[in-house]
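Structure file input_13.cif (mmCIF, C-alpha atoms) follows.
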```cif
data_entry
loop_
_atom_site.label_atom_id
_atom_site.label_comp_id
_atom_site.auth_asym_id
_atom_site.auth_seq_id
_atom_site.Cartn_x
_atom_site.Cartn_y
_atom_site.Cartn_z
CA MET A 1 45.25 31.36 14.08
CA ARG A 2 47.09 28.25 15.21
CA LEU A 3 48.83 28.01 18.56
CA VAL A 4 52.15 26.25 18.01
CA GLU A 5 53.85 26.61 21.35
CA LYS A 6 52.06 25.60 24.53
CA LEU A 7 53.11 27.70 27.51
CA GLU A 8 51.39 28.60 30.76
CA CYS A 9 48.17 29.80 29.17
CA THR A 10 44.64 28.69 30.03
CA GLN A 11 41.75 28.19 27.66
CA ALA A 12 40.03 31.16 29.26
CA ASP A 13 43.10 33.29 28.59
CA LEU A 14 43.06 32.31 24.92
CA ALA A 15 39.36 33.08 24.70
CA GLU A 16 40.19 36.68 25.60
CA ASN A 17 41.67 37.02 22.13
CA ARG A 18 38.26 36.48 20.56
CA LEU A 19 36.90 39.52 18.82
CA GLY A 20 33.90 39.59 21.13
CA ARG A 21 36.12 40.78 23.99
CA TRP A 22 38.42 42.90 21.84
CA ARG A 23 41.76 42.15 23.47
CA ASP A 24 44.86 42.85 21.48
CA VAL A 25 46.71 39.63 20.64
CA MET A 26 49.95 41.34 21.60
CA SER A 27 48.92 41.07 25.25
CA PHE A 28 49.31 37.29 24.92
CA ARG A 29 52.97 37.29 24.04
CA SER A 30 53.68 36.41 27.66
CA CYS A 31 51.79 33.13 27.47
CA ALA A 32 51.75 32.02 23.84
CA ARG A 33 53.46 32.39 20.49
CA TRP A 34 51.18 32.57 17.49
CA ASP A 35 52.11 31.14 14.11
CA ARG A 36 50.42 33.25 11.48
CA PRO A 37 49.31 31.27 8.42
CA ARG A 38 49.91 32.74 5.01
CA MET A 39 47.23 35.26 4.17
CA ASP A 40 46.34 37.86 1.61
CA ASP A 41 47.83 41.32 1.84
CA MET A 42 45.80 43.75 3.91
CA TRP A 43 42.41 44.71 2.46
CA ASP A 44 41.27 48.22 3.22
CA VAL A 45 37.65 47.14 3.64
CA ALA A 46 36.27 43.61 3.77
CA ILE A 47 32.49 43.25 3.62
CA VAL A 48 30.67 40.13 4.73
CA GLY A 49 27.36 39.72 2.91
CA ALA A 50 26.61 40.94 -0.62
CA GLY A 51 22.98 41.97 -0.20
CA PRO A 52 21.96 45.64 -0.49
CA ALA A 53 23.85 46.74 2.66
CA GLY A 54 27.07 44.95 1.76
CA SER A 55 27.01 45.93 -1.88
CA ALA A 56 26.26 49.54 -0.96
CA ALA A 57 29.30 49.52 1.33
CA ALA A 58 31.50 48.11 -1.42
CA LEU A 59 30.19 50.53 -4.01
CA ARG A 60 30.65 53.55 -1.75
CA ALA A 61 34.18 52.62 -0.69
CA ALA A 62 35.22 52.19 -4.33
CA GLN A 63 33.39 55.36 -5.29
CA LEU A 64 35.20 57.46 -2.69
CA ARG A 65 38.65 55.91 -3.12
CA PRO A 66 39.01 53.86 -6.32
CA GLU A 67 42.53 52.82 -5.31
CA LEU A 68 41.37 51.02 -2.16
CA ARG A 69 41.41 47.23 -1.94
CA VAL A 70 37.79 46.28 -1.27
CA LEU A 71 36.68 42.68 -0.77
CA LEU A 72 33.05 41.56 -0.87
CA LEU A 73 32.29 38.10 0.56
CA ASP A 74 29.09 36.09 0.40
CA ARG A 75 28.28 32.46 1.03
CA ALA A 76 26.12 32.29 -2.14
CA ASP A 77 26.62 32.80 -5.85
CA PHE A 78 24.57 35.47 -7.59
CA PRO A 79 21.87 35.71 -8.75
CA ARG A 80 20.13 34.11 -5.81
CA ASP A 81 16.69 34.44 -4.27
CA LYS A 82 16.15 36.18 -0.94
CA PRO A 83 12.81 36.20 0.91
CA CYS A 84 11.76 39.84 1.10
CA GLY A 85 8.93 42.15 0.12
CA ASP A 86 11.04 43.36 -2.85
CA GLY A 87 9.81 46.93 -2.35
CA ILE A 88 12.21 49.76 -3.15
CA ALA A 89 10.82 53.06 -1.96
CA ALA A 90 11.81 56.52 -3.13
CA HIS A 91 14.42 56.93 -0.39
CA GLY A 92 16.06 53.72 -1.58
CA ARG A 93 16.29 55.14 -5.10
CA ASP A 94 17.87 58.26 -3.63
CA GLU A 95 20.55 56.05 -2.11
CA LEU A 96 21.14 54.33 -5.44
CA ALA A 97 21.69 57.76 -6.99
CA ARG A 98 24.22 58.65 -4.27
CA LEU A 99 26.04 55.43 -5.09
CA GLY A 100 26.24 56.47 -8.75
CA LEU A 101 23.50 54.08 -9.92
CA PRO A 102 20.49 56.32 -10.61
CA THR A 103 19.13 54.16 -13.44
CA LEU A 104 19.72 50.72 -11.92
CA ILE A 105 16.00 49.83 -11.74
CA ASP A 106 14.58 52.14 -14.42
CA ASP A 107 13.41 49.16 -16.46
CA TYR A 108 10.93 48.24 -13.71
CA ARG A 109 7.58 50.00 -13.78
CA PRO A 110 6.88 52.25 -10.80
CA THR A 111 3.89 51.54 -8.54
CA PRO A 112 2.42 54.98 -7.84
CA ARG A 113 -0.55 54.05 -5.66
CA LEU A 114 -0.72 52.61 -2.17
CA THR A 115 -3.74 51.15 -0.39
CA VAL A 116 -3.70 50.49 3.34
CA VAL A 117 -6.46 48.71 5.26
CA SER A 118 -6.30 49.24 9.02
CA PRO A 119 -6.94 46.52 11.64
CA GLY A 120 -10.48 47.85 12.07
CA GLY A 121 -11.18 47.91 8.34
CA VAL A 122 -10.55 51.59 7.59
CA ARG A 123 -9.24 51.91 4.03
CA VAL A 124 -7.13 54.66 2.52
CA SER A 125 -5.92 54.65 -1.07
CA ALA A 126 -3.92 57.43 -2.66
CA GLU A 127 -1.07 58.19 -4.98
CA ALA A 128 2.23 58.43 -3.17
CA ALA A 129 4.15 61.70 -3.38
CA ARG A 130 6.94 59.70 -5.03
CA PRO A 131 6.33 56.28 -6.58
CA ASN A 132 7.81 53.04 -5.29
CA HIS A 133 9.28 50.15 -7.27
CA VAL A 134 9.13 46.40 -6.79
CA VAL A 135 12.19 44.50 -8.00
CA PRO A 136 12.80 40.83 -7.09
CA ARG A 137 15.85 40.45 -4.89
CA ARG A 138 17.34 37.85 -7.24
CA VAL A 139 17.55 40.69 -9.79
CA PHE A 140 18.26 43.67 -7.55
CA ASP A 141 21.04 42.10 -5.51
CA ALA A 142 22.77 40.61 -8.55
CA ARG A 143 22.79 44.01 -10.25
CA LEU A 144 24.36 45.63 -7.19
CA VAL A 145 27.07 42.96 -7.02
CA ALA A 146 27.80 43.33 -10.73
CA ALA A 147 28.06 47.12 -10.31
CA ALA A 148 30.51 46.65 -7.45
CA GLN A 149 32.63 44.30 -9.55
CA ALA A 150 32.62 46.81 -12.41
CA ARG A 151 33.96 49.38 -9.96
CA GLY A 152 36.95 47.18 -9.09
CA VAL A 153 35.62 45.42 -5.98
CA GLU A 154 36.76 41.81 -5.65
CA VAL A 155 33.84 39.44 -5.03
CA ARG A 156 34.41 36.00 -3.56
CA ARG A 157 32.19 33.17 -2.45
CA HIS A 158 33.18 32.52 1.15
CA ARG A 159 31.40 31.53 4.36
CA VAL A 160 32.90 33.35 7.35
CA LYS A 161 33.46 31.25 10.47
CA ASP A 162 35.98 33.11 12.58
CA LEU A 163 37.26 36.62 13.29
CA VAL A 164 40.27 37.74 15.32
CA PHE A 165 41.46 41.26 16.03
CA ASP A 166 45.24 41.58 15.78
CA GLY A 167 45.89 45.19 16.69
CA SER A 168 45.96 46.81 13.26
CA GLY A 169 43.15 44.95 11.57
CA VAL A 170 40.79 41.99 11.60
CA VAL A 171 41.76 38.49 10.50
CA ILE A 172 38.95 36.52 8.85
CA ASP A 173 39.23 32.74 9.07
CA GLY A 174 42.97 32.96 9.58
CA ARG A 175 43.80 34.02 6.03
CA LEU A 176 42.01 37.25 5.07
CA ARG A 177 43.04 40.46 6.77
CA ALA A 178 41.30 43.85 6.65
CA ARG A 179 41.60 47.21 8.32
CA THR A 180 37.81 47.42 8.65
CA VAL A 181 35.12 44.78 8.35
CA VAL A 182 31.53 45.66 7.47
CA ALA A 183 29.13 42.96 8.66
CA ALA A 184 26.14 42.90 6.32
CA ASP A 185 25.34 39.21 6.66
CA GLY A 186 21.67 39.48 7.50
CA ALA A 187 19.29 38.81 10.36
CA GLY A 188 21.21 35.75 11.56
CA SER A 189 24.57 37.52 11.28
CA VAL A 190 27.51 35.24 12.06
CA VAL A 191 29.79 38.25 12.41
CA ARG A 192 27.52 39.88 14.99
CA ARG A 193 27.74 36.72 17.07
CA LEU A 194 31.51 36.50 16.66
CA ILE A 195 31.98 40.01 18.07
CA GLY A 196 29.85 39.14 21.07
CA LEU A 197 26.64 41.05 20.27
CA ALA A 198 23.36 39.29 20.90
CA ALA A 199 20.62 38.84 18.35
CA ALA A 200 17.41 40.82 18.78
CA ALA A 201 15.11 39.54 21.52
CA GLU A 202 11.99 37.71 20.38
CA LYS A 203 9.79 40.66 21.36
CA HIS A 204 11.69 42.75 18.81
CA THR A 205 11.60 40.13 16.05
CA ALA A 206 8.98 39.60 13.38
CA ILE A 207 8.55 36.64 11.07
CA ALA A 208 7.10 36.75 7.59
CA VAL A 209 6.36 34.41 4.73
CA ARG A 210 6.84 35.63 1.18
CA GLY A 211 5.69 34.26 -2.15
CA TYR A 212 4.62 35.30 -5.62
CA ALA A 213 1.14 35.39 -7.16
CA ASP A 214 -0.41 36.13 -10.54
CA VAL A 215 -2.13 39.51 -10.85
CA PRO A 216 -3.43 41.56 -13.80
CA GLU A 217 -0.55 43.19 -15.66
CA GLU A 218 -2.18 46.59 -15.22
CA ASP A 219 -2.17 46.23 -11.42
CA ASP A 220 -0.02 49.09 -10.12
CA VAL A 221 -1.27 49.42 -6.54
CA GLN A 222 0.72 48.31 -3.53
CA LEU A 223 -1.64 46.85 -0.92
CA ILE A 224 -1.13 46.46 2.83
CA ALA A 225 -4.01 44.68 4.56
CA MET A 226 -3.74 44.63 8.35
CA GLN A 227 -5.32 42.01 10.60
CA LYS A 228 -6.50 42.54 14.18
CA ALA A 229 -6.06 38.86 15.10
CA GLY A 230 -2.55 38.45 16.46
CA TRP A 231 -1.93 42.15 16.00
CA PRO A 232 0.46 43.59 14.88
CA ALA A 233 0.04 41.55 11.69
CA TYR A 234 -0.53 42.33 8.02
CA ALA A 235 -0.49 40.91 4.52
CA TRP A 236 0.89 42.66 1.46
CA SER A 237 0.70 42.53 -2.31
CA PHE A 238 3.32 44.45 -4.26
CA PRO A 239 2.90 44.16 -8.06
CA ILE A 240 6.14 43.88 -10.02
CA GLY A 241 4.67 45.01 -13.35
CA ASP A 242 4.95 41.76 -15.28
CA GLY A 243 1.71 40.09 -14.21
CA THR A 244 3.10 38.87 -10.90
CA ALA A 245 3.16 40.35 -7.41
CA ASN A 246 5.26 39.77 -4.33
CA VAL A 247 2.77 38.68 -1.67
CA GLY A 248 3.29 37.84 1.96
CA PHE A 249 2.16 37.94 5.56
CA GLY A 250 4.08 38.91 8.69
CA MET A 251 3.58 39.17 12.44
CA LEU A 252 5.62 39.43 15.61
CA LEU A 253 7.36 36.22 16.61
CA PRO A 254 5.80 36.10 20.14
CA ARG A 255 2.34 36.44 18.59
CA LEU A 256 3.07 33.54 16.27
CA ARG A 257 4.22 31.36 19.16
CA ALA A 258 1.03 32.24 21.05
CA ALA A 259 -1.21 31.28 18.12
CA GLY A 260 -1.38 27.65 19.26
CA ALA A 261 -0.74 26.16 15.82
CA PRO A 262 2.31 25.31 13.69
CA GLY A 263 3.96 28.45 12.33
CA ARG A 264 3.66 27.36 8.72
CA GLN A 265 -0.07 26.78 9.15
CA VAL A 266 -0.60 30.19 10.73
CA LEU A 267 1.47 32.19 8.26
CA HIS A 268 0.26 30.45 5.12
CA GLY A 269 -3.33 30.35 6.36
CA ARG A 270 -3.57 34.01 7.21
CA LEU A 271 -1.96 35.02 3.93
CA ALA A 272 -4.61 33.01 2.06
CA GLU A 273 -7.33 34.50 4.26
CA LEU A 274 -6.33 38.10 3.66
CA LEU A 275 -5.50 37.72 -0.05
CA PRO A 276 -7.92 34.99 -1.22
CA ASP A 277 -7.75 36.07 -4.87
CA ARG A 278 -3.93 35.73 -5.02
CA PRO A 279 -2.84 32.17 -4.29
CA ALA A 280 0.88 32.25 -3.53
CA ARG A 281 3.71 30.05 -4.75
CA GLU A 282 7.42 29.93 -3.83
CA LEU A 283 6.59 30.61 -0.19
CA ARG A 284 9.62 31.15 2.05
CA ALA A 285 9.79 32.42 5.61
CA HIS A 286 12.32 34.85 7.08
CA HIS A 287 12.98 36.67 10.34
CA LEU A 288 13.06 40.45 10.64
CA PRO A 289 15.08 41.95 13.53
CA LEU A 290 13.20 45.19 14.18
CA SER A 291 14.95 48.46 14.90
CA THR A 292 13.28 48.68 18.32
CA GLY A 293 15.78 46.02 19.46
CA ARG A 294 18.79 47.19 17.46
CA PRO A 295 22.19 46.30 18.94
CA THR A 296 25.29 48.42 19.29
CA PRO A 297 26.29 49.07 15.65
CA GLY A 298 29.62 47.28 15.92
CA ALA A 299 32.75 46.71 17.95
CA GLY A 300 36.22 48.09 17.25
CA ARG A 301 36.91 47.77 13.55
CA VAL A 302 33.75 45.78 12.78
CA LEU A 303 30.65 47.74 11.73
CA LEU A 304 27.15 46.26 11.47
CA ALA A 305 24.88 47.32 8.61
CA GLY A 306 21.39 46.47 7.37
CA ASP A 307 19.57 43.53 8.94
CA ALA A 308 22.71 42.57 10.88
CA ALA A 309 22.35 45.90 12.70
CA GLY A 310 18.65 45.32 13.38
CA LEU A 311 17.66 48.04 10.94
CA ILE A 312 14.15 46.97 9.98
CA ASN A 313 11.28 49.45 10.25
CA PRO A 314 9.03 48.17 13.09
CA LEU A 315 5.91 49.64 11.51
CA THR A 316 6.21 48.24 7.99
CA GLY A 317 9.06 45.70 7.94
CA GLU A 318 10.85 47.81 5.31
CA GLY A 319 14.60 47.28 5.29
CA ILE A 320 16.11 47.94 1.87
CA TYR A 321 16.39 51.70 2.36
CA TYR A 322 18.01 51.23 5.78
CA ALA A 323 20.35 48.64 4.26
CA LEU A 324 21.53 50.88 1.43
CA LEU A 325 21.92 53.84 3.76
CA SER A 326 23.76 52.04 6.56
CA GLY A 327 26.04 50.26 4.10
CA ARG A 328 26.97 53.57 2.52
CA LEU A 329 27.61 55.19 5.90
CA ALA A 330 29.72 52.25 7.09
CA ALA A 331 31.92 52.57 4.03
CA GLU A 332 32.29 56.30 4.53
CA ALA A 333 33.37 55.75 8.13
CA ALA A 334 35.86 53.06 7.08
CA VAL A 335 37.37 55.35 4.43
CA GLU A 336 37.34 58.60 6.39
CA SER A 337 38.43 57.23 9.77
CA PRO A 338 40.32 53.96 9.25
CA GLY A 339 41.85 54.12 12.72
CA ASP A 340 38.51 54.42 14.55
CA PRO A 341 35.65 53.78 12.12
CA LEU A 342 33.03 52.89 14.74
CA ALA A 343 32.92 56.33 16.37
CA LEU A 344 32.36 58.03 13.04
CA TYR A 345 29.84 55.40 11.94
CA ARG A 346 27.79 55.96 15.10
CA ALA A 347 27.78 59.69 14.45
CA LYS A 348 26.73 59.25 10.84
CA LEU A 349 23.90 56.86 11.74
CA ARG A 350 22.72 59.24 14.45
CA GLY A 351 22.72 62.14 12.04
CA ALA A 352 20.88 60.27 9.29
CA LEU A 353 18.39 58.21 11.30
CA GLY A 354 18.47 59.31 14.93
CA ARG A 355 15.23 61.31 15.09
CA HIS A 356 13.50 58.92 12.73
CA LEU A 357 14.39 55.84 14.79
CA ARG A 358 13.26 57.54 17.99
CA THR A 359 9.97 58.30 16.23
CA THR A 360 9.44 54.72 15.10
CA ASP A 361 10.39 53.42 18.56
CA VAL A 362 7.55 55.47 20.08
CA LEU A 363 5.08 54.69 17.29
CA ALA A 364 5.83 50.97 17.55
CA ARG A 365 4.81 51.04 21.21
CA LEU A 366 1.63 52.97 20.41
CA ALA A 367 0.92 50.65 17.49
CA GLN A 368 0.56 47.73 19.89
CA HIS A 369 -2.99 49.11 20.20
CA PRO A 370 -4.80 48.54 16.88
CA GLY A 371 -7.09 51.47 17.64
CA PHE A 372 -4.13 53.83 17.31
CA ILE A 373 -3.49 52.58 13.77
CA ASP A 374 -7.20 52.90 12.96
CA ALA A 375 -7.05 56.54 14.11
CA ALA A 376 -3.93 57.22 12.04
CA ILE A 377 -5.49 55.74 8.89
CA GLU A 378 -8.77 57.60 9.50
CA THR A 379 -6.78 60.83 9.68
CA ALA A 380 -4.93 59.94 6.47
CA VAL A 381 -8.26 59.40 4.67
CA ARG A 382 -9.17 63.03 5.33
CA ARG A 383 -5.77 64.65 4.93
CA LYS A 384 -3.44 63.79 2.04
CA GLU A 385 -0.45 65.34 3.80
CA VAL A 386 -0.95 62.85 6.63
CA PHE A 387 -0.99 59.98 4.15
CA ASP A 388 2.27 61.23 2.65
CA LEU A 389 3.82 61.59 6.10
CA LEU A 390 2.85 58.05 7.08
CA VAL A 391 4.56 56.81 3.92
CA GLU A 392 7.67 58.81 4.84
CA VAL A 393 7.74 57.30 8.32
CA GLY A 394 7.04 53.75 7.16
CA LEU A 395 9.22 53.63 4.06
CA GLY A 396 11.78 56.38 4.56
CA ASN A 397 13.20 58.50 7.36
CA GLY A 398 10.23 60.67 8.27
CA THR A 399 9.28 61.99 11.70
CA VAL A 400 5.92 63.03 13.13
CA PRO A 401 5.28 66.71 13.98
CA ALA A 402 3.73 67.30 17.40
CA PRO A 403 0.44 68.77 16.02
CA LEU A 404 -0.18 65.67 13.93
CA ALA A 405 0.64 63.36 16.84
CA LEU A 406 -1.88 65.32 18.92
CA ALA A 407 -4.54 65.05 16.21
CA VAL A 408 -4.12 61.28 15.87
CA GLY A 409 -3.99 60.83 19.64
CA THR A 410 -7.18 62.83 20.09
CA ARG A 411 -9.00 60.78 17.46
CA TRP A 412 -7.75 57.58 19.09
CA LEU A 413 -8.91 58.72 22.52
CA ARG A 414 -12.35 59.67 21.21
CA GLY A 415 -12.68 56.31 19.50
CA SER A 416 -11.67 54.50 22.67
CA LEU A 417 -14.23 56.43 24.71
CA ARG A 418 -16.99 55.68 22.21
CA ALA A 419 -16.06 51.99 22.21
CA GLY A 420 -16.19 51.94 26.02
CA ARG A 421 -19.76 53.23 26.23
#
```
Re-express the file's structure as structure tokens.
Amino acid sequence: MRLVEKLECTQADLAENRLGRWRDVMSFRSCARWDRPRMDDMWDVAIVGAGPAGSAAALRAAQLRPELRVLLLDRADFPRDKPCGDGIAAHGRDELARLGLPTLIDDYRPTPRLTVVSPGGVRVSAEAARPNHVVPRRVFDARLVAAAQARGVEVRRHRVKDLVFDGSGVVIDGRLRARTVVAADGAGSVVRRLIGLAAAAEKHTAIAVRGYADVPEEDDVQLIAMQKAGWPAYAWSFPIGDGTANVGFGMLLPRLRAAGAPGRQVLHGRLAELLPDRPARELRAHHLPLSTGRPTPGAGRVLLAGDAAGLINPLTGEGIYYALLSGRLAAEAAVESPGDPLALYRAKLRGALGRHLRTTDVLARLAQHPGFIDAAIETAVRRKEVFDLLVEVGLGNGTVPAPLALAVGTRWLRGSLRAGR
């Protein structure tokens, strides 16, 4: 907004109108008169960011209430590349079905097998209870956006720079107005900063480099190869089904800074070391705000979803399922409780992910010790149900029953005692 009449009003007073402090602009009538620029009519839901979280929000809002005015904003045109592991697990496909898109990725071959190599070299390889898919984000995201457009959502290229709360809605850059805003603009979310919420601390942030490599067309095994050096750290190879695989390497940001070498050298070097038979091209790095450092999921009429909400699994770096789920839940809250969407959104997130996130918080602390992961993988080698449960926890919304936690803990303790002799 533009201040057109200067009265007795300090800069600090005006700053109170920023969304980060959530003060109603009406409280400033005593010190300033605001000239509202021409803007669009009110949108029911405006979504910033058209990745999986944002598109899921748009799709769900239009699915629940086709008559709503839903606006989807992104700074890029689609299709566009996005550094990511490209993995879409079974829970992600469940979310696509809930959004009315059960066949969206049916033309991509499933990858039924998963191999995991622990930091100590323990290897487990088995067929997952439900297969995963690998779909490049330049394809997946563009399909979601197209589906949203087909459902009546308006898609615009726009880079958001400013938000102001005006009592009955949120004004975006002085000319777009919405009852609810869903912030799905990624790890470096501009909207999160504008509402006064801090980014994840470095200790809760990972960094990864992603590329593509040639593999045999028949390769249908997803591989995760962990590395003890700089732990937690691992490389991956996820075959797409067309003779290429998404390959990459990730580690915690503090561990990278402590490596004593340029980040590019460390990330690229360790990827080549762990996957020597799969030289990578199109390498791009990206940050992953882990769920262990997740912020408050919004403020007032602004809801955070996906990476912007710090919803990245701290054990695997998986985020697409969380993105689709949180985007859907944000839209439901905006539609069902337009006057107070945040309270309902919190409740929905807690119901869908509360126990799971508490589980991964605890496991992430235990996983700081590579021996714990060795013990978990050793247990999975012997018990297929444990393998399936680890997949559920790492790629879905699983939790760990107490007897299994005790079994893994006992094996870890025995291994530690043997190593100490």
Checklist line | Residues in the PyMOL selection byres ((chain A and resi 254) around 10), expressed as a PyMOL selection string | finding: chain A and resi 202-207+230+251-253+255-259
Item checked: Using all atoms listed in the file: which of A:Gly120, A:Pro83, A:Gly354, A:Gly49 has the shortest distance to Ala183 (chain A) ->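 For Ala183 (chain A), the nearest of the candidates is A:Gly49.
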Next item on the list: Rank nothing, just name the residue among A:Gly167, A:Thr180, A:Arg264, A:Asp361 nearest to Glu336 (chain A), using all atoms listed in the file.
Entry: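 Closest residue, counting all atoms listed in the file: A:Thr180.
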Note to self: Neighbouring residues of region 314-316 of chain A were defined as those with any atom within 12 Å, considering all atoms listed in the file; residues of the same chain fewer than 6 positions away were excluded. Please report them as a count of residues only.
What the structure shows: 53
Check: Can you list, as a ChimeraX atom specification, every protein, DNA or RNA residue that comes within 9 Å of region 128-143 of chain A when you count all atoms listed in the file, leaving out same-chain residues fewer than 3 positions away?
Finding: /A:50-52,55,78-90,93,104-105,108-114,146-148,222,238-241,245-246,387-388,391
Next item on the list: Please work out which residues fall within 9 Å of (19.3, 53.2, 6.1), coordinates as given in the file, with all atoms listed in the file counting, and return them as a count of residues only.
Entry: 24
Next item on the list: Would you list the contacts of Thr244 (chain A) as a PyMOL selection string, taking every protein, DNA or RNA residue within 6 Å and counting all atoms listed in the file, but skipping same-chain residues closer than 6 positions in sequence?
Entry: chain A and resi 213-215
Checklist line | Shell around Val381 (chain A) at 10 Å using only C-alpha atoms, local window under 4 positions removed, as a ChimeraX atom specification | finding: /A:122-126,375-377,385-387
Note to self: For a quick check of your reading of the model, name the residues lying within 12 Å of the coordinate (0.3, 64.0, 19.3), counting only C-alpha atoms, and write them as number ranges by chain.
What the structure shows: A: 359, 362-363, 366, 372, 375-376, 399-413
Selection to disk with C-alpha atoms, as a PDB file, in the coordinates of the input:
```pdb
ATOM      1  CA  THR A 359       9.970  58.300  16.230  1.00  0.00           C
ATOM      2  CA  VAL A 362       7.550  55.470  20.080  1.00  0.00           C
ATOM      3  CA  LEU A 363       5.080  54.690  17.290  1.00  0.00           C
ATOM      4  CA  LEU A 366       1.630  52.970  20.410  1.00  0.00           C
ATOM      5  CA  PHE A 372      -4.130  53.830  17.310  1.00  0.00           C
ATOM      6  CA  ALA A 375      -7.050  56.540  14.110  1.00  0.00           C
ATOM      7  CA  ALA A 376      -3.930  57.220  12.040  1.00  0.00           C
ATOM      8  CA  THR A 399       9.280  61.990  11.700  1.00  0.00           C
ATOM      9  CA  VAL A 400       5.920  63.030  13.130  1.00  0.00           C
ATOM     10  CA  PRO A 401       5.280  66.710  13.980  1.00  0.00           C
ATOM     11  CA  ALA A 402       3.730  67.300  17.400  1.00  0.00           C
ATOM     12  CA  PRO A 403       0.440  68.770  16.020  1.00  0.00           C
ATOM     13  CA  LEU A 404      -0.180  65.670  13.930  1.00  0.00           C
ATOM     14  CA  ALA A 405       0.640  63.360  16.840  1.00  0.00           C
ATOM     15  CA  LEU A 406      -1.880  65.320  18.920  1.00  0.00           C
ATOM     16  CA  ALA A 407      -4.540  65.050  16.210  1.00  0.00           C
ATOM     17  CA  VAL A 408      -4.120  61.280  15.870  1.00  0.00           C
ATOM     18  CA  GLY A 409      -3.990  60.830  19.640  1.00  0.00           C
ATOM     19  CA  THR A 410      -7.180  62.830  20.090  1.00  0.00           C
ATOM     20  CA  ARG A 411      -9.000  60.780  17.460  1.00  0.00           C
ATOM     21  CA  TRP A 412      -7.750  57.580  19.090  1.00  0.00           C
ATOM     22  CA  LEU A 413      -8.910  58.720  22.520  1.00  0.00           C
TER      23      LEU A 413
END
```
Item checked: Option closest in space to His287 (chain A), from A:Glu273, A:Asp307, A:Asp74, A:Glu218 [counting only C-alpha atoms] ->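 Closest candidate: A:Asp307.
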Margin query: Calculated over only C-alpha atoms, which of the candidates A:Arg414, A:Lys348, A:His369, A:Arg156 has the smallest distance to Lys228 (chain A)?
Written below: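 Among the listed residues, the smallest separation from Lys228 (chain A) belongs to A:His369.
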Note to self: Evaluated on this file, the PyMOL selection byres ((chain A and resi 279) around 12) picks out some residues - which ones are they, written as an MDAnalysis selection string?
What the structure shows: chainID A and resid 210:215 237 244:248 268:278 280:283
